[in-house]
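Student: What follows is a structure written as structure tokens; I'll ask about it next.
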Amino acid sequence: MKTKFHEYLTMFRKRKGFTQAQMAEKLEISRSTYTNYESGNRSPDLDGLERISEILDCSLDELFGRPLLWHANRISEGAAPYHVHVKAPQRGPGRRLAIGTQDFRKLRERKAYYVDKTQMVEEFLESWYEVTLITRPRRFGKTLNMSMLAEFLDCTKDSADLFAGTRVSGSYVMEEMNRHPVIFLSFLNVKGGSAERMLDELRITLKREYERYLSIVNDGSLPAVHKSMFDSNYERLCKAGSEEEKKGCISRAISELCQVLEAYYGRKVYLLLDEYDTPFIAANAKGYYGEMRDFLAEMLTSSLKGNPSLERALLTGIQRVAKENIFSDLNNLIVCTVKDPEYSDCFGFTEEETQRLLDYCGVDFTEEVRSMYDGYQFGTADVYNPWSVSCYAARKELEPYWVNTSENSIIKNAFEQRGESFAAKYNELIEKGAVDARVELSVSYYEEPDDASLWGLLLNAGMITIQEEMGDKNCRLRIPNYEVREAFQGLTAFYLKLEDGYISDMLSCLRTEAMEKFAEQYQRILLRLPSYYDLKSENSYHMMMLGMCAFMYRYYDVKSNREGGIGRSDILLYAKKRPLPHMILEFKYTKDEGEDLEMLALEAIGQIKDKKYDAEMTGVVYYIGLAHFGKAAQVKWEKRVIN
């Protein structure tokens with residue numbers, strides 16, 4: 001469908017004063033790709049759209065030119081008063097989501113649908129901890145929640161209307177609304193391609209927060225020493241000086257702004273730092289982590305340790321990083337990971353919240369929705385992926401919408417260093433959907449690169465969730481849902497050093513009974529495997545194929561080494577729905593270069609028949625024999641109809 005997205009993109013870019021080259025750099029894409037966006041020749045994916053809306057400070061609705069209906073909105077007074085409804089526009093069914101909007105004020109002023117998480121305000125204010133770190137995967141509501149908390153606390157705001165009818169509106173903590181100086185910083189977009197670029201991103205982020213307080217500095221009531229401190233820092237933040245000048249200013253900018261605000265307001269400061277670990281993740285992915293780690297640690301340390309003007313600090317991120325440099329001496333720190341009870345229902349949607357949202361949008365809540373987007377366990381709460389549920393409600397297409405870009409780069413780097421112990425458990429996870437492993441959440445993988453911290457990385461990133469804690473950091477881990485299984489296909493392709501498309505093409509041929517093409521694709525994959533990949537036994541081919549077949553979960557129940565007939569088959573694919581055929585795959589391997597692989601593949605088919613591996617199957621069944629010598633292979637098959 002044709003839209004005017006490219007026209008609105010151009011308009012909002014110019015309104016922000018960015019050039020096309022600057023937008024391309026911020027999006028980490030080529031200039032030509034971005035130019036095609038504005039010319040209408042190409043369109044970004046959902047991940048790209050979200051990044052554009054963040055950079056241009058507009059919603060996805062605005063990017064597509066949808067009406068804002070400022071004058072027609074009202075807050076519902078029904079049973080769920082914290083859900084915001086709008087008067088139906090002249091076009092469309094009168095359903096409004098602000099997908100991609102992460103600013104609480106903007107969301108509420110536009111009267112968009114809001115899944116109320118204001119209970120987080122009370123939980124935060126009741127906490128005994130001076131410094132709290134909450135770790136959650138991307139797109140689970142961290143930035144919106146931090147924006148909401150900042151709106152509630154900030155003494156420069158008037159937020160009463162925004163919180164009218166919300167859960168927190170009936171709480172005694174309402175007396176704390178808009179009574180405190182607040183520093184709210186988001187490092188969500190601090191992910192430069194180089195150390196120098198990252199310093200500039202940090203400088204600009206801090207400069208914007210300083211600019212919020214320019215009026216108090218110039219009203220004549222601030223003590224001279226604090227005015228001088230503010231002016232000096234602000235002047236340096238405005239200039240792109242030398243690397244040392246930028247580091248010196250940035251490292252103390254937060255702590256000194258705290259001092260200025262306490263001097264002016266006579267109250268200590270709340271520091272809210274969203275996505276604090278994004279710079280660490282980006283630096284690791286881009287190869288300059290060693291260059292930036294100590295500096296980033298120094299910046300956070302000066303803000304959180306021994307800061308006399310700090311009342312409380314709340315940080316969010318994906319994982320705990322720089323443990324030894326930042327957090328080791330913070331006795332008042334609590335880290336709330338995905339397995340801890342604190343804030344368990346504040347991120348992600350509960351099933352009830354998911355049902356309400358889908359009902360509001362006129363979309364059925366089905367078992368397929370649950371299988372695709374449910375399955376996360378945060379503390380005591382079972383939650384759905386909020387980004388994916390919202391996208392599904394808007395598009396009404398049951399597809400995977402959740403894309404982990406930054407985290408996947410870390411995971412892929414970790415896979416480069418994987419050992420045999422991790423490989424075995426990873427194969428078990430892909431095959432069975434669950435695995436028992438030791439999990440380390442107190443430190444990042446790239447600080448302590450071992451199996452336990454890699455499982456911790458996968459858990460923090462939302463790629464797996466805890467099914468059961470078994471003590472001494474041992475857990476039963478599982479893949480949360482079908483959507484995440486899709487993400488694992490790309491990781492498995494990387495794991496095997498293949499392009500993701502090769503696996504998809506091969507599995508598609510298998511599912512659609514294009515057996516000649518399947519044989520070609522299978523042989524092509526073997527040829528493209530790196531020379532060091534271990535293909536030294538029948539089991540190595542078996543496990544490689546099993547890892548790929550597991551991604552046909554929508555169509556098949558995948559079983560391996562299962563008792564069937566009078567023996568154990570290698571791989572059984574039970575079709576979930578007709579007319580899909582069942583599949584039985586049997587693997588053979590020889591070390592004799594002269595052995596006839598075609599005959600060996602036929603021998604595998606004979607074994608399937610003799611051992612009656614098809615004993616539990618009816619309908620169309622394919623017997624598939626796969627014979628190997630190194631990267632040479634022969635694939636033979638036979639189609640049967642079993643009544």
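Scheme for the structure tokens: letters A, B, ... for chains in order shown; per-chain residue numbers from 1; ligand numbers from 1 in order shown.
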Which polymer residues have any atom within 7 Å of an atom of A:Gln523, counting only C-alpha atoms, with same-chain residues fewer than 4 positions away left out, as a short mmCIF file (atom, residue, chain, number, x, y, z; two decimals) with N, CA and C atoms, in the first residue's frame?
Tutor:
data_model
loop_
_atom_site.label_atom_id
_atom_site.label_comp_id
_atom_site.auth_asym_id
_atom_site.auth_seq_id
_atom_site.Cartn_x
_atom_site.Cartn_y
_atom_site.Cartn_z
N ALA A 519 17.82 -31.93 -1.61
CA ALA A 519 19.12 -32.60 -1.69
C ALA A 519 20.21 -31.62 -2.13
N LEU A 527 28.89 -27.87 1.85
CA LEU A 527 30.06 -27.29 1.18
C LEU A 527 30.42 -25.93 1.76
N ALA A 633 28.16 -35.75 0.05
CA ALA A 633 26.93 -36.35 0.56
C ALA A 633 26.06 -36.85 -0.58
#
Student: With only C-alpha atoms as the counted atoms, please give the residues lying no more than 8 Å from stretch 571-584 of chain A, apart from itself and same-chain residues fewer than 3 positions off, as an MDAnalysis selection string.
Tutor: chainID A and resid 511:513 542 546 554:562 608 613:614 617 619:624
Student: Can you list, as a count of residues only, every protein, DNA or RNA residue that comes within 9 Å of stretch 381-387 of chain A when you count only C-alpha atoms, leaving out same-chain residues fewer than 3 positions away?
Tutor: 26
Student: Please return as a VMD selection string: the residues of stretch 125-249 of chain A that backbone DSSP assigns to alpha helix (DSSP H).
Tutor: chain A and resid 125 to 126 142 to 153 195 to 212 214 to 217 224 to 238 243 to 249
Student: Would you please work out which residue, of A:Asp570, A:Asp231, A:Asp47, A:Glu62, is nearest to A:Leu9 when using only C-alpha atoms?
Tutor: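 Looking at the shortest contact to A:Leu9, the residue is A:Glu62.
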Student: When you look at A:Arg42 with a cut-off of 12 Å (counting only C-alpha atoms), what residues show up, excluding the ones that are within fewer than 2 positions of it in the same chain? I need them as a PDB file with C-alpha atoms, in the first residue's frame.
Tutor:
ATOM      1  CA  LYS A   2       1.350   3.399  -0.982  1.00  0.00           C
ATOM      2  CA  THR A   3       1.848   5.856   1.876  1.00  0.00           C
ATOM      3  CA  PHE A   5       5.823   8.056   4.821  1.00  0.00           C
ATOM      4  CA  HIS A   6       8.751   9.439   2.835  1.00  0.00           C
ATOM      5  CA  SER A  32      22.212   5.876  -0.044  1.00  0.00           C
ATOM      6  CA  THR A  33      19.851   3.655   1.961  1.00  0.00           C
ATOM      7  CA  TYR A  34      18.522   6.620   3.882  1.00  0.00           C
ATOM      8  CA  THR A  35      18.182   8.696   0.698  1.00  0.00           C
ATOM      9  CA  ASN A  36      16.007   5.910  -0.726  1.00  0.00           C
ATOM     10  CA  TYR A  37      13.760   6.183   2.352  1.00  0.00           C
ATOM     11  CA  GLU A  38      13.074   9.845   1.617  1.00  0.00           C
ATOM     12  CA  SER A  39      12.632   9.278  -2.111  1.00  0.00           C
ATOM     13  CA  GLY A  40      10.083   6.534  -1.446  1.00  0.00           C
ATOM     14  CA  PRO A  44      12.651   0.611   6.788  1.00  0.00           C
ATOM     15  CA  ASP A  45      11.567  -2.426   8.798  1.00  0.00           C
ATOM     16  CA  GLY A  48      14.214   0.953  11.725  1.00  0.00           C
TER      17      GLY A  48
END
Student: Determine the nearest neighbour of A:Thr301 from the options A:Ser59, A:Ser251, A:Ser242, A:Ser388, counting only C-alpha atoms.
Tutor: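 Nearest candidate to A:Thr301 out of A:Ser59, A:Ser251, A:Ser242, A:Ser388: A:Ser251.
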Student: As a VMD selection string, please: the residues near A:Ser508 (cut-off 12 Å, only C-alpha atoms, same-chain neighbours under 4 positions excluded).
Tutor: chain A and resid 501 to 504 512 to 515 517 to 519 521 to 522 548 to 549 551 to 552 555 580
Student: For the residues selected in the previous step, produce a file with N, CA and C atoms as an mmCIF file, in the first residue's frame.
Tutor:
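Output below, filename again.cif:
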data_model
loop_
_atom_site.group_PDB
_atom_site.id
_atom_site.type_symbol
_atom_site.label_atom_id
_atom_site.label_comp_id
_atom_site.auth_asym_id
_atom_site.auth_seq_id
_atom_site.Cartn_x
_atom_site.Cartn_y
_atom_site.Cartn_z
ATOM 1 N N GLY A 501 19.496 -17.530 5.150
ATOM 2 C CA GLY A 501 18.646 -17.912 4.029
ATOM 3 C C GLY A 501 18.863 -19.332 3.552
ATOM 4 N N TYR A 502 20.096 -19.842 3.699
ATOM 5 C CA TYR A 502 20.370 -21.221 3.282
ATOM 6 C C TYR A 502 19.513 -22.203 4.078
ATOM 7 N N ILE A 503 19.438 -21.975 5.388
ATOM 8 C CA ILE A 503 18.659 -22.881 6.233
ATOM 9 C C ILE A 503 17.175 -22.781 5.876
ATOM 10 N N SER A 504 16.666 -21.560 5.745
ATOM 11 C CA SER A 504 15.243 -21.374 5.419
ATOM 12 C C SER A 504 14.890 -22.031 4.095
ATOM 13 N N THR A 512 7.802 -28.725 1.566
ATOM 14 C CA THR A 512 6.937 -28.703 0.383
ATOM 15 C C THR A 512 7.184 -29.898 -0.546
ATOM 16 N N GLU A 513 7.961 -30.857 -0.075
ATOM 17 C CA GLU A 513 8.224 -32.100 -0.818
ATOM 18 C C GLU A 513 9.028 -31.867 -2.094
ATOM 19 N N ALA A 514 9.786 -30.777 -2.154
ATOM 20 C CA ALA A 514 10.678 -30.536 -3.298
ATOM 21 C C ALA A 514 12.000 -31.230 -2.997
ATOM 22 N N MET A 515 11.984 -32.554 -3.108
ATOM 23 C CA MET A 515 13.089 -33.354 -2.584
ATOM 24 C C MET A 515 14.383 -33.193 -3.384
ATOM 25 N N LYS A 517 15.388 -30.463 -4.840
ATOM 26 C CA LYS A 517 15.963 -29.198 -4.395
ATOM 27 C C LYS A 517 16.474 -29.310 -2.959
ATOM 28 N N PHE A 518 15.764 -30.084 -2.140
ATOM 29 C CA PHE A 518 16.241 -30.287 -0.768
ATOM 30 C C PHE A 518 17.626 -30.915 -0.778
ATOM 31 N N ALA A 519 17.820 -31.933 -1.614
ATOM 32 C CA ALA A 519 19.122 -32.597 -1.688
ATOM 33 C C ALA A 519 20.210 -31.618 -2.127
ATOM 34 N N GLN A 521 20.149 -28.300 -1.762
ATOM 35 C CA GLN A 521 20.374 -27.313 -0.708
ATOM 36 C C GLN A 521 21.178 -27.910 0.444
ATOM 37 N N TYR A 522 20.891 -29.160 0.782
ATOM 38 C CA TYR A 522 21.626 -29.823 1.867
ATOM 39 C C TYR A 522 23.104 -29.943 1.503
ATOM 40 N N MET A 548 18.789 -27.501 12.773
ATOM 41 C CA MET A 548 18.062 -26.751 11.750
ATOM 42 C C MET A 548 16.598 -27.197 11.663
ATOM 43 N N CYS A 549 16.330 -28.490 11.782
ATOM 44 C CA CYS A 549 14.949 -28.983 11.720
ATOM 45 C C CYS A 549 14.101 -28.437 12.863
ATOM 46 N N PHE A 551 13.640 -25.627 13.712
ATOM 47 C CA PHE A 551 12.983 -24.378 13.348
ATOM 48 C C PHE A 551 11.741 -24.593 12.494
ATOM 49 N N MET A 552 11.366 -25.841 12.290
ATOM 50 C CA MET A 552 10.086 -26.122 11.632
ATOM 51 C C MET A 552 9.009 -26.399 12.676
ATOM 52 N N TYR A 555 5.287 -26.377 12.029
ATOM 53 C CA TYR A 555 4.736 -27.404 11.149
ATOM 54 C C TYR A 555 4.946 -28.827 11.664
ATOM 55 N N LEU A 580 0.602 -31.873 5.195
ATOM 56 C CA LEU A 580 2.053 -31.974 5.322
ATOM 57 C C LEU A 580 2.459 -33.428 5.514
#
Student: Would you pick out the contacts of stretch 416-433 of chain A at 7 Å or less, using only C-alpha atoms, so that residues sharing its chain but fewer than 5 positions from it are not included, and give the list as a list in words?
Tutor: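 With the cut-off at 7 Å, the set is Asp451, Arg478, Ile479, Leu546, Gly547 and Ala550 of chain A.
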Student: Would you write out those residues with C-alpha atoms, as a compact mmCIF listing (two decimals), in the first residue's frame?
Tutor:
# COMPACT_ATOMS: atom_id res chain seq x y z
CA ASP A 451 29.45 -20.77 29.83
CA ARG A 478 13.65 -22.73 28.11
CA ILE A 479 12.94 -20.82 24.92
CA LEU A 546 18.59 -31.54 14.10
CA GLY A 547 19.49 -27.95 15.05
CA ALA A 550 13.99 -27.59 15.12
Student: Of the candidates A:Leu202, A:Met11, A:Ile318, A:Leu149, which shows the shortest atom-to-atom distance to A:Asn178, using only C-alpha atoms?
Tutor: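 Ranked by minimum distance to A:Asn178, first place goes to A:Leu149.
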Student: Just asking: which residues within stretch 370-448 of chain A are strand (DSSP E or B) according to DSSP, as a list of chain:residue names?
Tutor: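 The strand (DSSP E or B) residues within stretch 370-448 of chain A come out as A:Tyr376, A:Gln377, A:Phe378, A:Ala381, A:Asp382, A:Val383, A:Tyr384, A:Ala434, A:Val435, A:Asp436, A:Ala437, A:Arg438.
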Student: Give the answer as one residue: which of A:Glu353, A:Asp592, A:Glu311, A:Asp219 has the shortest atom-to-atom distance to A:Glu130, using only C-alpha atoms?
Tutor: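 Closest to A:Glu130, using only C-alpha atoms: A:Glu311.
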Student: Rank nothing, just name the residue among A:Lys191, A:Arg203, A:Lys339, A:His226 nearest to A:Ala285, using only C-alpha atoms.
Tutor: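 Checking each candidate against A:Ala285, we get A:Lys191 as the closest.
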Student: What is the distance between atom CA of A:Trp128 and atom CA of A:Val335, in Å to one decimal?
Tutor: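 Distance between the two atoms: 12.7 Å.
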Student: Can you measure atom CA of A:Leu398 to atom CA of A:Gly317 for me? One decimal in Å is fine.
Tutor: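 Atom CA of A:Leu398 sits 28.1 Å away from atom CA of A:Gly317.
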Student: One decimal, Å: what's the distance from atom CA of A:Lys639 over to atom CA of A:Glu595, could you say?
Tutor: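 Separation between atom CA of A:Lys639 and atom CA of A:Glu595: 25.4 Å.
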